[in-house]
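Student: Here it is: the structure, laid out below.
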Amino acid sequence: MHHARLTLSTALLCLSVAALSACSGKSGDAKKKPTPQVGFVVVQPSAVPVQTSLPGRIVAYETSEVRPQISGVIHKRFFTEGGTVRAGQPLFQIDPSLYQASVNQANANLASARANAEAAAAKADRYKPLAKIEAVAQQDYTDALALARQARASVAQNSAALDTARINMRFTTVPAPISGKIGRSLFTVGALVSASQADPLAVIQRLDPIYVDMQQSSSELLALRRALSTGGAQKGSTAVRLQLEDGSTYPLVGTVQFSEVTVNASTGTVTLRASFPNPDGVLLPGMFVQARFEQSIDPHAFLVPQGAVQRDLGGEAFILLIGPDNKVVRRNVAADRTYGTSWVVTDGLKPGDKVITQGINGLRPDAEVRPVPANTPERLVPHKAGESGGSGGNSGSRKQGG
């Protein structure tokens, strides 16, 4: 009886040890994690435009102040305030009475001078043969000839006076010097105006096309020119786009025209001017905008997907790479701007580097990974016959790559 109890106890102990051994084996298998799979891209340098954003102000393409060139009282106004006028169109009529009288007087003086000139010329012609035969004194002929010449000069003087009177008469109608939009009239009918007054009668502005004056610091412009001269950058495009005050984007594209040759001493900036079409009059002089354009091209930059660039607590940008033996390597990089959907990396990468772009979460430097090209399709791998899942309910496992 005692021998039977001992045998039963021994059997139960063996079963317990076997069960523990089996559980221990399963636990060890569960703790062993598979090598994580990551997607990577091979980076190469490319020419990436350097986008510049500058504050700008809208300036009229042409601006002209309508001013009188004579003195007088405004008799009529021929334009509608705020409307469009064309070059040469009459805008104001100044009372022409005095100037018409001056024209009439100049006409009469010219007629008198011509009559005197004819008489003096005839007298000189008569004296000429008489002076040869000494029928008249030589001095008398000389005086007659001088009087004829004076009379011809008087005709020229009075002719010029008539031209001046006619010009002043023409100035009684004040025309538009340029085509464009005219503002309000600063003087009304009945106001006395003069050529020496400080204020114009009105102001005309041409708004299509229109200018945008942009301000760039002289230090930035100097750095750009140095980069262009040393080959660190290439000339970019002159196309410019505008962001308006309400945050919307102006639909039409402008062109950079020129850069000012002097630096503003008070602001330390240089003015760049761009020209924009403005057929609908959306852009108005005085508006503030943000101008964006590609001022240069960096020929040695790397475009990296945005998800691949991370930042540490200090704000330093870094990238995880596939290193030797398929181990993760951390590399600090300079990534200060974006282009499209990618970060522009200007320092820290080399041609041919394998940048990890997928499966980044949880990766640490020196961790071993199984790299595959980014966006490799995922496929299902079924269990082999006789294998059993850990939960007993799965019929297959998921595997990436191929």
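Ligands are numbered from 1 in the order shown, residues from 1 within each chain, and chains are lettered A, B, ... in the order they appear in the structure tokens.
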Show me a table, sorted first by chain and then by increasing residue number, of the residues of range 241-300 of chain A having an atom at most 8 Å from range 53-69 of chain A, each with its shortest atom pair and the distance in Å to one decimal, counting only C-alpha atoms and written as JSON lines.

Tutor:
{"residue": "A:Leu283", "atom": "CA", "partner": "A:Ile58", "partner_atom": "CA", "distance": 7.0}
{"residue": "A:Leu284", "atom": "CA", "partner": "A:Ile58", "partner_atom": "CA", "distance": 6.4}
{"residue": "A:Pro285", "atom": "CA", "partner": "A:Ile58", "partner_atom": "CA", "distance": 4.8}
{"residue": "A:Gly286", "atom": "CA", "partner": "A:Ile58", "partner_atom": "CA", "distance": 5.2}
{"residue": "A:Met287", "atom": "CA", "partner": "A:Ile58", "partner_atom": "CA", "distance": 5.3}
{"residue": "A:Phe288", "atom": "CA", "partner": "A:Arg57", "partner_atom": "CA", "distance": 4.6}
{"residue": "A:Val289", "atom": "CA", "partner": "A:Gly56", "partner_atom": "CA", "distance": 5.2}
{"residue": "A:Gln290", "atom": "CA", "partner": "A:Pro55", "partner_atom": "CA", "distance": 4.7}
{"residue": "A:Ala291", "atom": "CA", "partner": "A:Leu54", "partner_atom": "CA", "distance": 5.3}
{"residue": "A:Arg292", "atom": "CA", "partner": "A:Ser53", "partner_atom": "CA", "distance": 4.5}
{"residue": "A:Phe293", "atom": "CA", "partner": "A:Ser53", "partner_atom": "CA", "distance": 6.8}

Student: Within 9 Å of Ala122 in chain A, counting only C-alpha atoms, which residues show up once you throw out same-chain ones fewer than 5 positions away? Write them as a PyMOL selection string, please.

Tutor: chain A and resi 117+127+148

Student: Please, could you write that set of residues out with all heavy atoms as a PDB file, in the first residue's frame?

Tutor:
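Dumped everything to out-v2.pdb:
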ATOM      1  N   ALA A 117       6.995 145.713 -92.448  1.00  0.00           N
ATOM      2  CA  ALA A 117       8.107 145.026 -93.106  1.00  0.00           C
ATOM      3  C   ALA A 117       8.019 145.181 -94.621  1.00  0.00           C
ATOM      4  O   ALA A 117       9.041 145.346 -95.310  1.00  0.00           O
ATOM      5  CB  ALA A 117       8.104 143.548 -92.723  1.00  0.00           C
ATOM      6  N   TYR A 127      15.826 152.495-102.952  1.00  0.00           N
ATOM      7  CA  TYR A 127      17.060 153.243-102.692  1.00  0.00           C
ATOM      8  C   TYR A 127      18.291 152.555-103.300  1.00  0.00           C
ATOM      9  O   TYR A 127      19.313 153.185-103.530  1.00  0.00           O
ATOM     10  CB  TYR A 127      17.287 153.394-101.187  1.00  0.00           C
ATOM     11  CG  TYR A 127      16.569 154.597-100.605  1.00  0.00           C
ATOM     12  CD1 TYR A 127      15.446 155.144-101.211  1.00  0.00           C
ATOM     13  CD2 TYR A 127      17.020 155.183 -99.422  1.00  0.00           C
ATOM     14  CE1 TYR A 127      14.791 156.231-100.651  1.00  0.00           C
ATOM     15  CE2 TYR A 127      16.379 156.282 -98.858  1.00  0.00           C
ATOM     16  CZ  TYR A 127      15.266 156.794 -99.476  1.00  0.00           C
ATOM     17  OH  TYR A 127      14.635 157.877 -98.939  1.00  0.00           O
ATOM     18  N   ALA A 148      14.465 147.766 -92.973  1.00  0.00           N
ATOM     19  CA  ALA A 148      13.787 146.608 -93.552  1.00  0.00           C
ATOM     20  C   ALA A 148      14.107 145.325 -92.750  1.00  0.00           C
ATOM     21  O   ALA A 148      13.232 144.487 -92.517  1.00  0.00           O
ATOM     22  CB  ALA A 148      14.206 146.434 -95.014  1.00  0.00           C
TER      23      ALA A 148
END

Student: For Ser185 in chain A, list every protein, DNA or RNA residue within 8 Å, evaluated using only C-alpha atoms, and leave out those in the same chain fewer than 2 positions away; present the list as a list in words.

Tutor: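 Returned residues: Glu81, Gly183, Phe187, Thr188, Leu201 and Ala202 of chain A.
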
Student: Would you please give, as a PyMOL selection string, all residues of range 82-218 of chain A that DSSP assigns to alpha helix (DSSP H) based on the backbone?

Tutor: chain A and resi 97-132+138-170+218

Student: Nearest residue to Gln216 in chain A out of A:Thr271, A:Thr262, A:Thr80, A:Ser248, using only C-alpha atoms?

Tutor: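 Closest to Gln216 in chain A, using only C-alpha atoms: A:Thr271.
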
Student: Counting only C-alpha atoms, what is within 12 Å of Ser112 in chain A, bar same-chain residues fewer than 4 positions away, as a VMD selection string?

Tutor: chain A and resid 105 to 108 116 to 119 151 to 152 154 to 159

Student: Go ahead and save the residues from that selection, with N, CA and C atoms, as a short mmCIF file (atom, residue, chain, number, x, y, z; two decimals), in the first residue's frame.

Tutor:
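Writing done, so here's again.cif:
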data_model
loop_
_atom_site.label_atom_id
_atom_site.label_comp_id
_atom_site.auth_asym_id
_atom_site.auth_seq_id
_atom_site.Cartn_x
_atom_site.Cartn_y
_atom_site.Cartn_z
N GLN A 105 -5.01 139.88 -80.04
CA GLN A 105 -4.05 140.97 -80.01
C GLN A 105 -2.75 140.57 -80.72
N ALA A 106 -2.30 139.36 -80.48
CA ALA A 106 -1.08 138.91 -81.14
C ALA A 106 -1.27 138.81 -82.64
N ASN A 107 -2.44 138.44 -83.09
CA ASN A 107 -2.73 138.41 -84.52
C ASN A 107 -2.64 139.80 -85.13
N ALA A 108 -3.22 140.79 -84.41
CA ALA A 108 -3.19 142.17 -84.92
C ALA A 108 -1.76 142.71 -84.95
N ASN A 116 4.54 146.82 -91.93
CA ASN A 116 5.73 147.66 -91.80
C ASN A 116 6.92 147.03 -92.53
N ALA A 117 7.00 145.71 -92.45
CA ALA A 117 8.11 145.03 -93.11
C ALA A 117 8.02 145.18 -94.62
N GLU A 118 6.81 145.12 -95.16
CA GLU A 118 6.64 145.28 -96.60
C GLU A 118 7.05 146.69 -97.04
N ALA A 119 6.62 147.70 -96.27
CA ALA A 119 6.95 149.09 -96.62
C ALA A 119 8.46 149.32 -96.53
N ALA A 151 12.23 145.41 -89.53
CA ALA A 151 10.82 145.09 -89.74
C ALA A 151 10.62 143.58 -89.87
N ARG A 152 11.57 142.89 -90.55
CA ARG A 152 11.45 141.44 -90.67
C ARG A 152 11.62 140.77 -89.29
N SER A 154 10.80 142.14 -86.47
CA SER A 154 9.57 142.42 -85.73
C SER A 154 8.47 141.44 -86.12
N VAL A 155 8.44 141.04 -87.41
CA VAL A 155 7.46 140.05 -87.85
C VAL A 155 7.70 138.72 -87.12
N ALA A 156 8.97 138.31 -87.01
CA ALA A 156 9.29 137.06 -86.33
C ALA A 156 8.91 137.13 -84.86
N GLN A 157 9.17 138.28 -84.20
CA GLN A 157 8.83 138.43 -82.78
C GLN A 157 7.32 138.33 -82.57
N ASN A 158 6.57 139.01 -83.40
CA ASN A 158 5.12 138.98 -83.26
C ASN A 158 4.54 137.62 -83.61
N SER A 159 5.21 136.91 -84.52
CA SER A 159 4.77 135.55 -84.83
C SER A 159 4.97 134.63 -83.63
#
